[in-house]
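model.csv (CSV, C-alpha atoms and all ligand atoms) appears below.
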chain,number,residue,atom,x,y,z
A,1,MET,CA,56.9,132.7,54.3
A,2,SER,CA,59.4,133.8,56.8
A,3,ASN,CA,58.6,133.1,60.4
A,4,ALA,CA,61.6,134.3,62.5
A,5,ASN,CA,61.4,133.8,66.3
A,6,GLN,CA,59.2,130.9,65.9
A,7,ARG,CA,58.9,128.4,68.8
A,8,ALA,CA,59.5,124.7,68.3
A,9,ARG,CA,56.7,122.4,69.4
A,10,HIS,CA,58.5,119.1,68.6
A,11,VAL,CA,62.2,118.3,68.8
A,12,ALA,CA,63.7,114.9,68.1
A,13,ILE,CA,67.2,113.8,69.0
A,14,ILE,CA,69.4,111.1,67.7
A,15,MET,CA,71.3,110.5,70.9
A,16,ASP,CA,74.6,109.3,69.5
A,17,GLY,CA,78.2,109.0,70.8
A,18,ASN,CA,78.0,107.0,74.0
A,19,GLY,CA,80.6,104.5,72.8
A,20,ARG,CA,83.0,107.2,71.7
A,21,TRP,CA,82.5,109.0,75.0
A,22,ALA,CA,83.5,105.8,76.9
A,23,LYS,CA,86.4,105.0,74.5
A,24,LYS,CA,88.0,108.5,75.0
A,25,ARG,CA,88.1,107.7,78.7
A,26,HIS,CA,89.3,104.1,78.3
A,27,LEU,CA,86.0,103.0,80.0
A,28,PRO,CA,83.7,100.1,78.9
A,29,ARG,CA,81.0,101.1,76.4
A,30,VAL,CA,78.3,100.3,79.0
A,31,VAL,CA,79.6,103.2,81.1
A,32,GLY,CA,79.0,105.5,78.1
A,33,HIS,CA,75.5,104.2,77.9
A,34,GLN,CA,74.9,104.7,81.6
A,35,ARG,CA,76.1,108.3,81.3
A,36,GLY,CA,73.8,108.6,78.3
A,37,VAL,CA,70.9,107.6,80.5
A,38,GLU,CA,71.9,110.3,82.9
A,39,ALA,CA,71.8,112.9,80.1
A,40,VAL,CA,68.3,111.7,79.2
A,41,ARG,CA,67.2,112.0,82.8
A,42,SER,CA,68.4,115.6,83.2
A,43,LEU,CA,67.0,116.6,79.8
A,44,VAL,CA,63.5,115.2,80.7
A,45,ARG,CA,63.7,116.9,84.1
A,46,SER,CA,64.4,120.2,82.4
A,47,LEU,CA,61.3,120.0,80.3
A,48,LYS,CA,59.1,121.2,83.1
A,49,ASN,CA,60.7,124.7,82.7
A,50,SER,CA,60.3,124.7,78.9
A,51,ASP,CA,57.3,125.2,76.6
A,52,LEU,CA,58.3,122.3,74.3
A,53,GLU,CA,55.3,120.1,73.7
A,54,CYS,CA,57.1,117.0,72.5
A,55,LEU,CA,60.6,115.6,72.7
A,56,THR,CA,61.3,112.4,70.7
A,57,LEU,CA,64.4,110.4,71.6
A,58,TYR,CA,66.0,107.8,69.4
A,59,ALA,CA,67.0,105.2,72.0
A,60,PHE,CA,67.3,101.9,70.1
A,61,SER,CA,67.0,101.4,66.3
A,62,SER,CA,65.8,98.3,64.5
A,63,GLU,CA,69.4,98.0,63.2
A,64,ASN,CA,70.9,98.2,66.7
A,65,TRP,CA,70.2,94.4,67.1
A,66,LYS,CA,73.3,93.9,65.0
A,67,ARG,CA,75.4,94.9,68.0
A,68,PRO,CA,77.1,92.3,70.1
A,69,GLU,CA,74.6,90.4,72.3
A,70,ASP,CA,76.1,91.7,75.6
A,71,GLU,CA,75.8,95.3,74.5
A,72,VAL,CA,72.1,94.7,73.5
A,73,ALA,CA,71.5,93.1,76.8
A,74,ASP,CA,73.1,96.0,78.7
A,75,LEU,CA,70.9,98.5,76.8
A,76,MET,CA,67.8,96.5,77.5
A,77,ASN,CA,68.7,96.2,81.2
A,78,MET,CA,69.2,100.0,81.4
A,79,LEU,CA,65.8,100.5,79.8
A,80,ARG,CA,64.2,98.2,82.5
A,81,LYS,CA,66.0,100.1,85.3
A,82,PHE,CA,65.2,103.5,83.9
A,83,ILE,CA,61.5,102.9,83.7
A,84,VAL,CA,61.4,101.5,87.2
A,85,SER,CA,63.5,104.3,88.7
A,86,ASP,CA,62.0,107.3,86.8
A,87,LEU,CA,58.4,106.5,86.2
A,88,GLU,CA,57.1,108.2,89.4
A,89,GLU,CA,59.0,111.3,88.6
A,90,PHE,CA,57.6,111.4,85.0
A,91,VAL,CA,54.1,111.2,86.5
A,92,GLU,CA,54.8,114.0,89.0
A,93,ASN,CA,56.3,116.2,86.3
A,94,GLY,CA,53.4,115.8,83.9
A,95,VAL,CA,55.3,113.8,81.3
A,96,LYS,CA,53.2,111.8,79.0
A,97,LEU,CA,55.2,108.8,77.6
A,98,ALA,CA,54.8,107.7,74.0
A,99,ILE,CA,56.6,105.0,72.2
A,100,ILE,CA,57.4,104.8,68.5
A,101,GLY,CA,58.7,101.6,66.9
A,102,ASP,CA,57.8,98.0,67.2
A,103,TYR,CA,58.3,97.7,71.0
A,104,GLN,CA,56.0,94.6,71.3
A,105,VAL,CA,58.8,92.3,70.2
A,106,LEU,CA,61.0,93.4,73.2
A,107,ALA,CA,61.3,91.0,76.2
A,108,PRO,CA,57.8,90.4,77.7
A,109,ASP,CA,58.7,92.0,81.0
A,110,ILE,CA,59.9,95.2,79.2
A,111,VAL,CA,56.7,95.3,77.2
A,112,ASP,CA,54.7,95.1,80.5
A,113,LEU,CA,56.8,97.8,82.1
A,114,LEU,CA,56.3,100.0,79.0
A,115,GLU,CA,52.6,99.5,78.8
A,116,ASP,CA,52.2,100.2,82.5
A,117,ALA,CA,54.3,103.4,82.0
A,118,LEU,CA,52.1,104.4,79.0
A,119,ALA,CA,48.9,103.9,81.1
A,120,ARG,CA,50.3,105.7,84.2
A,121,THR,CA,51.4,108.8,82.2
A,122,VAL,CA,48.4,109.1,80.0
A,123,ASN,CA,47.3,112.4,81.6
A,124,GLY,CA,50.6,114.1,81.2
A,125,THR,CA,50.8,117.4,79.3
A,126,ARG,CA,54.2,117.2,77.6
A,127,THR,CA,55.1,114.2,75.6
A,128,VAL,CA,58.4,112.3,75.7
A,129,ALA,CA,58.3,109.9,72.8
A,130,VAL,CA,60.9,107.1,72.9
A,131,ALA,CA,61.9,105.4,69.7
A,132,LEU,CA,62.4,101.7,70.6
A,133,ASN,CA,63.2,99.1,67.9
A,134,TYR,CA,62.4,101.9,65.6
A,135,GLY,CA,63.2,102.0,61.9
A,136,SER,CA,61.8,104.6,59.6
A,137,GLN,CA,61.7,102.6,56.4
A,138,THR,CA,59.7,99.8,58.1
A,139,GLU,CA,57.4,102.4,59.7
A,140,ILE,CA,56.6,103.9,56.3
A,141,VAL,CA,56.0,100.5,54.6
A,142,ARG,CA,53.8,99.5,57.5
A,143,ALA,CA,51.9,102.8,57.4
A,144,ALA,CA,51.3,102.3,53.6
A,145,ARG,CA,49.9,98.8,54.1
A,146,LEU,CA,47.6,100.1,56.9
A,147,ALA,CA,46.5,103.0,54.7
A,148,ILE,CA,45.5,100.7,51.9
A,149,ASP,CA,43.8,98.3,54.2
A,150,HIS,CA,41.9,100.8,56.3
A,151,GLU,CA,41.5,103.8,54.0
A,152,GLY,CA,41.4,102.0,50.6
A,153,ILE,CA,43.6,104.7,49.1
A,154,LEU,CA,47.3,105.6,49.5
A,155,THR,CA,48.0,109.3,49.7
A,156,PRO,CA,50.5,111.2,51.8
A,157,GLU,CA,47.6,112.1,54.1
A,158,THR,CA,46.3,108.5,54.5
A,159,LEU,CA,49.8,107.2,55.0
A,160,GLU,CA,50.5,109.8,57.7
A,161,LYS,CA,47.5,108.7,59.7
A,162,HIS,CA,49.3,105.3,60.3
A,163,LEU,CA,52.7,106.5,61.2
A,164,TYR,CA,53.8,105.9,64.8
A,165,THR,CA,54.1,109.7,65.2
A,166,HIS,CA,50.5,110.4,64.1
A,167,GLU,CA,49.4,111.8,67.5
A,168,LEU,CA,52.6,113.9,67.9
A,169,PRO,CA,52.9,117.5,66.7
A,170,PRO,CA,54.7,118.0,63.4
A,171,LEU,CA,58.5,117.7,63.7
A,172,ASP,CA,60.2,121.1,63.9
A,173,LEU,CA,63.8,120.3,64.7
A,174,LEU,CA,65.9,117.2,64.4
A,175,ILE,CA,69.2,117.2,66.4
A,176,ARG,CA,72.0,114.6,66.1
A,177,THR,CA,74.9,114.6,68.5
A,178,SER,CA,78.4,113.0,68.1
A,179,GLY,CA,79.4,114.8,64.9
A,180,GLU,CA,77.9,112.2,62.5
A,181,VAL,CA,75.9,113.8,59.8
A,182,ARG,CA,73.3,111.2,58.9
A,183,LEU,CA,69.7,110.2,59.8
A,184,SER,CA,70.4,106.5,60.4
A,185,ASN,CA,66.8,105.5,59.5
A,186,PHE,CA,65.2,108.0,61.9
A,187,LEU,CA,62.0,109.9,61.1
A,188,LEU,CA,62.7,110.0,57.3
A,189,TRP,CA,59.1,111.0,56.4
A,190,GLN,CA,58.6,113.3,59.3
A,191,ALA,CA,61.8,115.2,58.6
A,192,ALA,CA,60.7,116.3,55.2
A,193,TYR,CA,60.6,120.0,56.2
A,194,ALA,CA,62.2,119.8,59.7
A,195,GLU,CA,65.2,121.9,60.5
A,196,MET,CA,68.3,120.0,61.3
A,197,LEU,CA,71.1,120.5,63.7
A,198,PHE,CA,74.2,118.4,63.9
A,199,LEU,CA,76.3,118.9,67.0
A,200,ASP,CA,79.9,117.9,67.8
A,201,VAL,CA,78.9,117.0,71.4
A,202,LEU,CA,78.9,113.3,72.4
A,203,TRP,CA,75.5,112.3,73.9
A,204,PRO,CA,76.7,111.9,77.5
A,205,ASP,CA,77.9,115.5,77.4
A,206,PHE,CA,74.6,116.8,76.2
A,207,THR,CA,73.0,119.1,78.7
A,208,PRO,CA,69.6,121.0,79.0
A,209,GLU,CA,71.6,124.1,78.0
A,210,HIS,CA,72.5,122.5,74.7
A,211,LEU,CA,68.7,122.0,74.1
A,212,ALA,CA,68.0,125.6,75.1
A,213,GLU,CA,70.7,126.8,72.6
A,214,ALA,CA,69.2,124.5,69.9
A,215,LEU,CA,65.8,126.1,70.5
A,216,ASP,CA,67.3,129.6,70.2
A,217,ASN,CA,69.0,128.6,67.0
A,218,PHE,CA,65.7,127.2,65.7
A,219,ALA,CA,63.9,130.4,66.5
A,220,THR,CA,66.1,132.3,64.0
A,221,ARG,CA,65.7,129.8,61.1
A,222,GLU,CA,63.6,130.9,58.1
A,223,ARG,CA,61.3,128.0,57.1
A,224,ARG,CA,59.8,128.2,53.7
A,225,PHE,CA,58.1,124.9,53.0
A,226,GLY,CA,58.7,125.4,49.3
A,227,GLY,CA,57.0,128.8,49.3
A,228,ARG,CA,58.7,132.2,49.5
B,301,LIG,C1,74.3,105.8,70.9
B,301,LIG,O1,75.6,105.7,71.2
B,301,LIG,C2,73.5,104.8,71.7
B,301,LIG,C3,72.8,103.8,70.9
B,301,LIG,C4,72.8,103.7,69.6
B,301,LIG,C5,72.0,102.9,71.6
B,301,LIG,P1,76.5,104.7,70.4
B,301,LIG,O2,76.6,103.4,71.1
B,301,LIG,O3,76.1,104.5,69.0
B,301,LIG,O4,77.9,105.4,70.4
B,301,LIG,P2,79.0,105.5,69.3
B,301,LIG,O5,78.3,106.0,68.1
B,301,LIG,O6,79.6,104.2,69.1
B,301,LIG,O7,80.0,106.5,69.8
B,302,LIG,C1,71.4,105.8,65.7
B,302,LIG,O1,72.8,105.7,66.1
B,302,LIG,C2,70.6,105.0,66.7
B,302,LIG,C3,70.4,105.6,68.0
B,302,LIG,C4,71.0,106.7,68.4
B,302,LIG,C5,69.6,104.9,68.9
B,302,LIG,P1,73.7,104.5,65.6
B,302,LIG,O2,75.0,104.7,66.3
B,302,LIG,O3,73.1,103.2,65.7
B,302,LIG,O4,73.8,104.9,64.0
B,302,LIG,P2,75.0,104.6,62.9
B,302,LIG,O5,75.2,103.1,63.0
B,302,LIG,O6,76.2,105.3,63.4
B,302,LIG,O7,74.4,105.1,61.6
B,303,MG,MG,76.5,105.5,67.2
As structure tokens, how would this structure be written, given the file I've shared?
Amino acid sequence: MSNANQRARHVAIIMDGNGRWAKKRHLPRVVGHQRGVEAVRSLVRSLKNSDLECLTLYAFSSENWKRPEDEVADLMNMLRKFIVSDLEEFVENGVKLAIIGDYQVLAPDIVDLLEDALARTVNGTRTVAVALNYGSQTEIVRAARLAIDHEGILTPETLEKHLYTHELPPLDLLIRTSGEVRLSNFLLWQAAYAEMLFLDVLWPDFTPEHLAEALDNFATRERRFGGR
């Protein structure tokens, strides 16, 4: 069934291209990541003027541990700093934090910061879900195991109950920046009928206007879900 001018409830973004942004400017990669954090900050700020219910951000994949130790350390330090500096603003702006992925294996002080942030934002009305140590294949296998253990039967419905995203609205739109056209192990199950948008913008250059344009673009898409 056609449903033009529909509104997206849940958008997910693969925030890619920090390294290339820095390389183009002959700057260290870490500067690209720092500018990437700034792009996240302005995007989250802009949510208070939007009717989006949920924004999911791919921040660190379960494969990103393969990167050099110092880059992983830089990313973890930026995560620490970001929670400390921005948590109060999240609370004030009605942001509800969610985390998808196996974040429990991160450094214990980060786990504490994240759990405090989850507790402090629990009454927020729009969700920002951050994918940390997230890998979709592992998520699906884990959900299948839990479905069998808890439900005694494995069906798409029982599996879905155990995905990290179970509490989030269905995924409407998946955006990837940087020009790469691949999913990199992100939301493989959830993207079954999501609309996709691959942008040639590097993540540090992504602005709230890009999101607004993406939402306009989504509004014109005809979703069929196999029907007609
Ligand atoms: C995305 O930027 C950030 C993370 C994966 C953490 P990249 O670091 O992947 O940047 P490119 O893809 O090398 O340009
Ligand atoms: C995906 O980007 C992960 C995040 C954006 C956090 P990558 O840069 O890790 O993906 P590949 O390696 O290019 O597929
Ligand atoms: Mg990349």
Grab the atom CA of A:Leu43 to atom P2 of ligand LIG 301 (chain B) distance for me, in Å with one decimal place.
->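 Taking atom CA of A:Leu43 as the start and atom P2 of ligand LIG 301 (chain B) as the end point, the length is 19.4 Å.
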Give as JSON, numbers by chain the set of residues within 12 Å of the point (68.1, 124.2, 74.4), where distances use the file's coordinates and only C-alpha atoms.
-> {"A": [7, 8, 11, 13, 43, 44, 46, 47, 49, 50, 51, 52, 55, 173, 175, 197, 206, 207, 208, 209, 210, 211, 212, 213, 214, 215, 216, 217, 218, 219]}
Next, the residues of the selection above should be written as a PDB file, keeping the file's coordinate frame with C-alpha atoms.
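Contents of out-v1.pdb, freshly written:
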ATOM      1  CA  ARG A   7      58.900 128.400  68.800  1.00  0.00           C
ATOM      2  CA  ALA A   8      59.500 124.700  68.300  1.00  0.00           C
ATOM      3  CA  VAL A  11      62.200 118.300  68.800  1.00  0.00           C
ATOM      4  CA  ILE A  13      67.200 113.800  69.000  1.00  0.00           C
ATOM      5  CA  LEU A  43      67.000 116.600  79.800  1.00  0.00           C
ATOM      6  CA  VAL A  44      63.500 115.200  80.700  1.00  0.00           C
ATOM      7  CA  SER A  46      64.400 120.200  82.400  1.00  0.00           C
ATOM      8  CA  LEU A  47      61.300 120.000  80.300  1.00  0.00           C
ATOM      9  CA  ASN A  49      60.700 124.700  82.700  1.00  0.00           C
ATOM     10  CA  SER A  50      60.300 124.700  78.900  1.00  0.00           C
ATOM     11  CA  ASP A  51      57.300 125.200  76.600  1.00  0.00           C
ATOM     12  CA  LEU A  52      58.300 122.300  74.300  1.00  0.00           C
ATOM     13  CA  LEU A  55      60.600 115.600  72.700  1.00  0.00           C
ATOM     14  CA  LEU A 173      63.800 120.300  64.700  1.00  0.00           C
ATOM     15  CA  ILE A 175      69.200 117.200  66.400  1.00  0.00           C
ATOM     16  CA  LEU A 197      71.100 120.500  63.700  1.00  0.00           C
ATOM     17  CA  PHE A 206      74.600 116.800  76.200  1.00  0.00           C
ATOM     18  CA  THR A 207      73.000 119.100  78.700  1.00  0.00           C
ATOM     19  CA  PRO A 208      69.600 121.000  79.000  1.00  0.00           C
ATOM     20  CA  GLU A 209      71.600 124.100  78.000  1.00  0.00           C
ATOM     21  CA  HIS A 210      72.500 122.500  74.700  1.00  0.00           C
ATOM     22  CA  LEU A 211      68.700 122.000  74.100  1.00  0.00           C
ATOM     23  CA  ALA A 212      68.000 125.600  75.100  1.00  0.00           C
ATOM     24  CA  GLU A 213      70.700 126.800  72.600  1.00  0.00           C
ATOM     25  CA  ALA A 214      69.200 124.500  69.900  1.00  0.00           C
ATOM     26  CA  LEU A 215      65.800 126.100  70.500  1.00  0.00           C
ATOM     27  CA  ASP A 216      67.300 129.600  70.200  1.00  0.00           C
ATOM     28  CA  ASN A 217      69.000 128.600  67.000  1.00  0.00           C
ATOM     29  CA  PHE A 218      65.700 127.200  65.700  1.00  0.00           C
ATOM     30  CA  ALA A 219      63.900 130.400  66.500  1.00  0.00           C
TER      31      ALA A 219
END
Between A:Leu113, A:Leu118, A:Leu87, A:Ala22, which is the closest to ligand LIG 301 (chain B) once you count only C-alpha atoms and all ligand atoms?
-> A:Ala22
Within 7 Å of ligand LIG 301 (chain B), counting all atoms listed in the file, which protein or nucleic acid residues do you find, written as a ChimeraX atom specification?
-> /A:15-21,33,59-60,64,75,178
By how many Å are atom P2 of ligand LIG 302 (chain B) and atom CA of A:Glu63 apart?
-> 8.7 Å
Find the residues around stretch 88-102 of chain A up to 6 Å (all atoms listed in the file counted), leave out those fewer than 2 positions away in its own chain, and share them as an MDAnalysis selection string.
-> chainID A and resid 86 104 118 121:122 124:134 164
Residues from the last selection, C-alpha atoms, saved as a PDB file, in the frame of the given file:
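Dumped to again.pdb:
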ATOM      1  CA  ASP A  86      62.000 107.300  86.800  1.00  0.00           C
ATOM      2  CA  GLN A 104      56.000  94.600  71.300  1.00  0.00           C
ATOM      3  CA  LEU A 118      52.100 104.400  79.000  1.00  0.00           C
ATOM      4  CA  THR A 121      51.400 108.800  82.200  1.00  0.00           C
ATOM      5  CA  VAL A 122      48.400 109.100  80.000  1.00  0.00           C
ATOM      6  CA  GLY A 124      50.600 114.100  81.200  1.00  0.00           C
ATOM      7  CA  THR A 125      50.800 117.400  79.300  1.00  0.00           C
ATOM      8  CA  ARG A 126      54.200 117.200  77.600  1.00  0.00           C
ATOM      9  CA  THR A 127      55.100 114.200  75.600  1.00  0.00           C
ATOM     10  CA  VAL A 128      58.400 112.300  75.700  1.00  0.00           C
ATOM     11  CA  ALA A 129      58.300 109.900  72.800  1.00  0.00           C
ATOM     12  CA  VAL A 130      60.900 107.100  72.900  1.00  0.00           C
ATOM     13  CA  ALA A 131      61.900 105.400  69.700  1.00  0.00           C
ATOM     14  CA  LEU A 132      62.400 101.700  70.600  1.00  0.00           C
ATOM     15  CA  ASN A 133      63.200  99.100  67.900  1.00  0.00           C
ATOM     16  CA  TYR A 134      62.400 101.900  65.600  1.00  0.00           C
ATOM     17  CA  TYR A 164      53.800 105.900  64.800  1.00  0.00           C
TER      18      TYR A 164
END
Do you have the atom CA of A:Met78-atom CA of A:Lys23 distance handy?
->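 Taking atom CA of A:Met78 as the start and atom CA of A:Lys23 as the end point, the length is 19.2 Å.
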Which residue gives the smallest distance to ligand LIG 302 (chain B) among A:His166, A:Arg67, A:Arg120, A:His150, with only C-alpha atoms and all ligand atoms counted?
->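 The closest residue to ligand LIG 302 (chain B) is A:Arg67.
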Within 12 Å of A:Glu157, counting all atoms listed in the file, which residues show up once you throw out same-chain ones fewer than 5 positions away? Write them as JSON, numbers by chain, please.
-> {"A": [143, 144, 147, 148, 151, 162, 163, 166, 189]}
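When only C-alpha atoms are used to measure the gap to A:Arg9, the shortest distance among A:Tyr103, A:Leu171, A:Lys161, A:Leu146 belongs to A:Leu171.
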Some atoms are absent from stretch 101-116 of chain A, so rebuild N, CA, C and O atoms and return them as a PDB file, keeping the file's coordinate frame.
ATOM      1  N   GLY A 101      57.900 102.829  67.277  1.00  0.00           N
ATOM      2  CA  GLY A 101      58.700 101.600  66.900  1.00  0.00           C
ATOM      3  C   GLY A 101      57.938 100.397  67.364  1.00  0.00           C
ATOM      4  O   GLY A 101      56.934 100.450  68.061  1.00  0.00           O
ATOM      5  N   ASP A 102      58.477  99.263  66.938  1.00  0.00           N
ATOM      6  CA  ASP A 102      57.800  98.000  67.200  1.00  0.00           C
ATOM      7  C   ASP A 102      58.317  97.442  68.564  1.00  0.00           C
ATOM      8  O   ASP A 102      59.098  96.500  68.624  1.00  0.00           O
ATOM      9  N   TYR A 103      57.819  98.048  69.631  1.00  0.00           N
ATOM     10  CA  TYR A 103      58.300  97.700  71.000  1.00  0.00           C
ATOM     11  C   TYR A 103      57.727  96.348  71.463  1.00  0.00           C
ATOM     12  O   TYR A 103      58.251  95.754  72.407  1.00  0.00           O
ATOM     13  N   GLN A 104      56.647  95.896  70.811  1.00  0.00           N
ATOM     14  CA  GLN A 104      56.000  94.600  71.300  1.00  0.00           C
ATOM     15  C   GLN A 104      56.897  93.417  71.173  1.00  0.00           C
ATOM     16  O   GLN A 104      56.623  92.431  71.845  1.00  0.00           O
ATOM     17  N   VAL A 105      57.951  93.500  70.379  1.00  0.00           N
ATOM     18  CA  VAL A 105      58.800  92.300  70.200  1.00  0.00           C
ATOM     19  C   VAL A 105      59.964  92.352  71.278  1.00  0.00           C
ATOM     20  O   VAL A 105      60.790  91.443  71.307  1.00  0.00           O
ATOM     21  N   LEU A 106      60.019  93.368  72.119  1.00  0.00           N
ATOM     22  CA  LEU A 106      61.000  93.400  73.200  1.00  0.00           C
ATOM     23  C   LEU A 106      60.659  92.300  74.208  1.00  0.00           C
ATOM     24  O   LEU A 106      59.586  91.698  74.132  1.00  0.00           O
ATOM     25  N   ALA A 107      61.536  92.055  75.176  1.00  0.00           N
ATOM     26  CA  ALA A 107      61.300  91.000  76.200  1.00  0.00           C
ATOM     27  C   ALA A 107      59.919  91.310  76.855  1.00  0.00           C
ATOM     28  O   ALA A 107      59.586  92.468  77.107  1.00  0.00           O
ATOM     29  N   PRO A 108      59.134  90.248  77.140  1.00  0.00           N
ATOM     30  CA  PRO A 108      57.800  90.400  77.700  1.00  0.00           C
ATOM     31  C   PRO A 108      57.760  91.304  78.955  1.00  0.00           C
ATOM     32  O   PRO A 108      56.836  92.116  79.128  1.00  0.00           O
ATOM     33  N   ASP A 109      58.759  91.190  79.821  1.00  0.00           N
ATOM     34  CA  ASP A 109      58.700  92.000  81.000  1.00  0.00           C
ATOM     35  C   ASP A 109      58.922  93.501  80.708  1.00  0.00           C
ATOM     36  O   ASP A 109      58.342  94.370  81.357  1.00  0.00           O
ATOM     37  N   ILE A 110      59.704  93.765  79.665  1.00  0.00           N
ATOM     38  CA  ILE A 110      59.900  95.200  79.200  1.00  0.00           C
ATOM     39  C   ILE A 110      58.603  95.698  78.636  1.00  0.00           C
ATOM     40  O   ILE A 110      58.188  96.826  78.919  1.00  0.00           O
ATOM     41  N   VAL A 111      57.947  94.874  77.826  1.00  0.00           N
ATOM     42  CA  VAL A 111      56.700  95.300  77.200  1.00  0.00           C
ATOM     43  C   VAL A 111      55.681  95.630  78.326  1.00  0.00           C
ATOM     44  O   VAL A 111      55.001  96.664  78.270  1.00  0.00           O
ATOM     45  N   ASP A 112      55.633  94.799  79.375  1.00  0.00           N
ATOM     46  CA  ASP A 112      54.700  95.100  80.500  1.00  0.00           C
ATOM     47  C   ASP A 112      55.067  96.392  81.180  1.00  0.00           C
ATOM     48  O   ASP A 112      54.182  97.201  81.469  1.00  0.00           O
ATOM     49  N   LEU A 113      56.355  96.598  81.449  1.00  0.00           N
ATOM     50  CA  LEU A 113      56.800  97.800  82.100  1.00  0.00           C
ATOM     51  C   LEU A 113      56.402  99.056  81.240  1.00  0.00           C
ATOM     52  O   LEU A 113      55.913 100.068  81.745  1.00  0.00           O
ATOM     53  N   LEU A 114      56.628  98.930  79.932  1.00  0.00           N
ATOM     54  CA  LEU A 114      56.300 100.000  79.000  1.00  0.00           C
ATOM     55  C   LEU A 114      54.837 100.332  78.992  1.00  0.00           C
ATOM     56  O   LEU A 114      54.410 101.484  79.043  1.00  0.00           O
ATOM     57  N   GLU A 115      54.036  99.262  78.944  1.00  0.00           N
ATOM     58  CA  GLU A 115      52.600  99.500  78.800  1.00  0.00           C
ATOM     59  C   GLU A 115      52.035 100.066  80.138  1.00  0.00           C
ATOM     60  O   GLU A 115      51.161 100.927  80.116  1.00  0.00           O
ATOM     61  N   ASP A 116      52.610  99.636  81.253  1.00  0.00           N
ATOM     62  CA  ASP A 116      52.200 100.200  82.500  1.00  0.00           C
ATOM     63  C   ASP A 116      52.599 101.722  82.543  1.00  0.00           C
ATOM     64  O   ASP A 116      51.806 102.574  82.952  1.00  0.00           O
TER      65      ASP A 116
END
